[in-house]
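Each remark here refers to the structure printed beneath this line.
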Amino acid sequence: MQVGDIVARKSYNKDITFKIVDLQETEKGTVYILKGINLRIIADSLAEDLEIVTKDNVGEIDKLFDRKINTSIKKVLTSRLNVNKKYRSPIIDKNKDSKNKEVAFGRPGKVLHIDADSGYMNACLKVYKQLSIEAVGQVIPEKDQSSSVVELIKSVRPDIVVITGHDGMVKGAKDFLDLENYKNSKYFVDTVAEIRTYQPSYDDLVIFAGACQSCYEAILDAGANFASSPNRVLIHCLDPVFVCEKIAYTNFEKIVPIQEVIENTITGLKGIGGLQTRGKYREGFPKSLYA
């Protein structure tokens, strides 16, 4: 096996598929460093526990994820036709030449997505595009995110900021609120705090922060609107995208129920949670003839 191969771990019943991203020589032999294809997880394994995965034997969990993603995207795009319909009156051009023609237009929220993993970043940017969300992506290691984030916000001027990458609890840790028991949660907390020092308003700038097993409570306390992971579970790489979509396309006059945001995600209630948050979609009138 070599870097780039797709594999699964026999000892875990081949439930998750990984890509081999590095090899390390140890006293026990070659250790393969693995990155989850769908879940934001980094793991390692010896060769004897790995099996090459082909398209014909992709794990059931990955097949389920693919179905959920396709269903979520289809659901979002279908409901987009009626976005905010309940909360607005149609704007109609009364001009004789365009009777009954709707000439309103809308602008969803803009996203700045900061990710420590280029592979996950590219996957997210692809789905943002599918969902017609303007998103700017920056790949920055977790430890460097806090020192870069404010200048990026000033440059991009987003409505929503995503701070993510990799995380995980220290093996055997019992204190779930001690940031020292997490790989990168303290960096997410620091980054959120930096953002809130610059922009304190939860309505003016929406923040999603966290990754797999992150210290949910500390990230929310630092000022995030949404965070992972309430039950310290692995989250899907696209979970931040679906959180952003719900906020970006909800009218700014409406506070989005938390349950509706979470329903849009792949991981669900165990992986994502947060606070009441106002939408970022704004209607305009009239629509340009030249756009």
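Here's how to read the names in the structure tokens: chain A, B, ... by the order shown, residue numbers from 1 in each chain, ligand numbers from 1 in the order shown.
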I'd like a table as CSV: residues in stretch 189-223 of chain A with an atom no more than 12 Å from stretch 115-139 of chain A, each row giving the shortest atom pair and its distance in Å to one decimal, only C-alpha atoms counted, sorted by chain and rising residue number.
residue,atom,partner,partner_atom,distance
A:Phe208,CA,A:Asp115,CA,11.6
A:Ala209,CA,A:Asp115,CA,10.1
A:Gly210,CA,A:Asp115,CA,10.1
A:Ala211,CA,A:Asp115,CA,9.8
Export of the given selection (C-alpha atoms) as a PDB file, in the first residue's frame:
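Final file, selection_28.pdb:
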ATOM      1  CA  PHE A 208     -19.430  28.139  12.941  1.00  0.00           C
ATOM      2  CA  ALA A 209     -16.392  26.569  14.626  1.00  0.00           C
ATOM      3  CA  GLY A 210     -15.111  23.121  15.498  1.00  0.00           C
ATOM      4  CA  ALA A 211     -14.287  19.732  14.030  1.00  0.00           C
TER       5      ALA A 211
END
Could I get the residues of stretch 203-250 of chain A with an atom no further than 9 Å from an atom of stretch 35-51 of chain A, each paired with its nearest atom pair and that distance in Å to one decimal, using only C-alpha atoms, sorted by chain and residue number, as a Markdown table?
| residue | atom | partner | partner_atom | distance |
| --- | --- | --- | --- | --- |
| A:Ala211 | CA | A:Arg40 | CA | 6.7 |
| A:Cys212 | CA | A:Arg40 | CA | 5.8 |
| A:Leu234 | CA | A:Leu39 | CA | 6.3 |
| A:Ile235 | CA | A:Leu39 | CA | 5.7 |
| A:His236 | CA | A:Leu39 | CA | 4.5 |
| A:Cys237 | CA | A:Leu39 | CA | 5.6 |
| A:Leu238 | CA | A:Asn38 | CA | 8.1 |
Apply DSSP to the backbone of this structure and, from stretch 7-245 of chain A, keep only the residues in helix (DSSP H, G or I); write these as a CSV table (one decimal) with C-alpha atoms, in the first residue's frame.
chain,number,residue,atom,x,y,z
A,10,LYS,CA,-10.5,-4.5,9.6
A,11,SER,CA,-10.5,-4.1,13.4
A,12,TYR,CA,-13.3,-1.6,13.0
A,47,ALA,CA,-0.5,-2.7,7.4
A,48,GLU,CA,-2.0,-5.9,8.7
A,49,ASP,CA,-5.2,-4.1,9.8
A,55,LYS,CA,-15.7,1.1,-5.7
A,56,ASP,CA,-17.4,-2.3,-5.3
A,57,ASN,CA,-16.8,-2.6,-1.5
A,60,GLU,CA,-22.0,1.0,4.2
A,61,ILE,CA,-21.4,4.2,6.3
A,62,ASP,CA,-19.9,5.9,3.3
A,63,LYS,CA,-22.7,4.8,1.1
A,64,LEU,CA,-25.2,6.2,3.6
A,65,PHE,CA,-23.3,9.5,3.7
A,66,ASP,CA,-23.4,9.8,-0.1
A,67,ARG,CA,-27.2,9.2,0.0
A,68,LYS,CA,-27.6,11.8,2.7
A,69,ILE,CA,-25.5,14.4,0.8
A,70,ASN,CA,-27.4,13.9,-2.4
A,71,THR,CA,-30.8,14.0,-0.6
A,72,SER,CA,-29.8,17.2,1.3
A,73,ILE,CA,-28.6,19.0,-1.8
A,74,LYS,CA,-31.8,18.1,-3.7
A,75,LYS,CA,-34.0,19.1,-0.7
A,76,VAL,CA,-32.2,22.5,-0.4
A,77,LEU,CA,-32.4,23.3,-4.2
A,78,THR,CA,-36.1,22.3,-4.3
A,79,SER,CA,-37.0,24.4,-1.3
A,80,ARG,CA,-35.0,27.4,-2.7
A,81,LEU,CA,-37.9,28.1,-5.1
A,82,ASN,CA,-40.0,29.1,-2.1
A,85,LYS,CA,-42.2,32.7,0.9
A,86,LYS,CA,-43.9,32.6,4.3
A,87,TYR,CA,-42.3,35.8,5.4
A,96,LYS,CA,-48.2,47.1,-18.3
A,97,ASP,CA,-45.5,45.5,-20.4
A,98,SER,CA,-44.6,43.0,-17.7
A,118,SER,CA,-7.1,21.3,1.7
A,119,GLY,CA,-9.0,18.1,0.7
A,120,TYR,CA,-12.0,18.9,2.9
A,121,MET,CA,-11.8,22.6,1.8
A,122,ASN,CA,-12.1,21.6,-1.8
A,123,ALA,CA,-15.0,19.3,-1.1
A,124,CYS,CA,-16.8,22.1,0.8
A,125,LEU,CA,-16.2,24.7,-2.0
A,126,LYS,CA,-17.6,22.3,-4.5
A,127,VAL,CA,-20.9,22.0,-2.6
A,128,TYR,CA,-21.1,25.7,-1.8
A,129,LYS,CA,-21.0,26.3,-5.6
A,130,GLN,CA,-23.8,23.6,-6.1
A,142,GLU,CA,-5.4,25.3,13.3
A,143,LYS,CA,-2.7,26.8,15.4
A,144,ASP,CA,-2.3,29.8,12.9
A,145,GLN,CA,-6.0,30.5,12.4
A,146,SER,CA,-6.4,33.0,15.3
A,147,SER,CA,-3.5,35.2,14.0
A,148,SER,CA,-4.9,35.3,10.4
A,149,VAL,CA,-8.7,35.5,10.8
A,150,VAL,CA,-9.3,39.2,11.5
A,151,GLU,CA,-7.4,40.4,8.4
A,152,LEU,CA,-9.2,37.8,6.3
A,153,ILE,CA,-12.5,39.1,7.6
A,154,LYS,CA,-11.6,42.7,6.8
A,155,SER,CA,-10.6,41.6,3.3
A,156,VAL,CA,-13.4,39.2,2.4
A,179,LEU,CA,-9.2,22.1,26.6
A,180,GLU,CA,-5.9,20.4,27.3
A,181,ASN,CA,-7.7,17.1,26.6
A,185,SER,CA,-10.1,22.9,20.4
A,186,LYS,CA,-8.1,25.5,22.1
A,187,TYR,CA,-7.1,26.9,18.8
A,188,PHE,CA,-10.7,27.1,17.6
A,189,VAL,CA,-11.6,28.8,20.9
A,190,ASP,CA,-8.8,31.4,20.5
A,191,THR,CA,-9.9,32.1,16.9
A,192,VAL,CA,-13.5,32.6,17.8
A,193,ALA,CA,-12.5,34.9,20.6
A,194,GLU,CA,-10.4,37.0,18.2
A,195,ILE,CA,-13.3,37.3,15.8
A,196,ARG,CA,-15.6,38.4,18.7
A,197,THR,CA,-13.1,41.0,19.8
A,198,TYR,CA,-13.3,42.5,16.3
A,216,TYR,CA,-18.6,22.3,22.1
A,217,GLU,CA,-19.2,24.2,25.3
A,218,ALA,CA,-15.9,26.2,25.2
A,219,ILE,CA,-16.3,27.1,21.6
A,220,LEU,CA,-19.9,28.5,22.2
A,221,ASP,CA,-18.7,30.3,25.3
A,222,ALA,CA,-16.0,32.0,23.2
A,239,ASP,CA,-21.6,19.7,8.0
A,240,PRO,CA,-20.4,23.4,8.1
A,241,VAL,CA,-21.6,23.8,4.5
A,242,PHE,CA,-25.2,22.8,5.3
A,243,VAL,CA,-25.2,25.0,8.5
A,244,CYS,CA,-24.1,28.0,6.3
A,245,GLU,CA,-26.7,27.3,3.6
Which residues of stretch 130-215 of chain A sit at most 9 Å from stretch 247-252 of chain A, using only C-alpha atoms? Give each one's shortest atom pair and distance in Å (one decimal place), in chain and ascending residue order, as CSV.
residue,atom,partner,partner_atom,distance
A:Ile133,CA,A:Ala248,CA,7.6
A:Asp159,CA,A:Ala248,CA,8.1
A:Ile160,CA,A:Ala248,CA,7.9
A:Val206,CA,A:Ile247,CA,8.5
Grab the residues selected above and save them as a tab-separated table (two decimals), in the first residue's frame with N, CA and C atoms.
chain	number	residue	atom	x	y	z
A	133	ILE	N	-23.88	29.48	-3.20
A	133	ILE	CA	-23.42	30.31	-2.09
A	133	ILE	C	-22.03	30.83	-2.45
A	159	ASP	N	-20.49	37.38	5.71
A	159	ASP	CA	-21.61	37.38	6.65
A	159	ASP	C	-21.49	36.20	7.62
A	160	ILE	N	-20.80	35.15	7.16
A	160	ILE	CA	-20.66	33.92	7.93
A	160	ILE	C	-19.20	33.48	7.86
A	206	VAL	N	-21.94	35.74	11.73
A	206	VAL	CA	-22.27	34.40	12.23
A	206	VAL	C	-21.02	33.52	12.17
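When DSSP reads the backbone of this structure, the residues of stretch 141-255 of chain A it assigns to strand (DSSP E or B) are Ile160, Val161, Val162, Ile163, Thr164, Met169, Tyr182, Val206, Ile207, Phe208, Ala209, Phe226, Ala227, His236, Asn251 and Ile255 of chain A.
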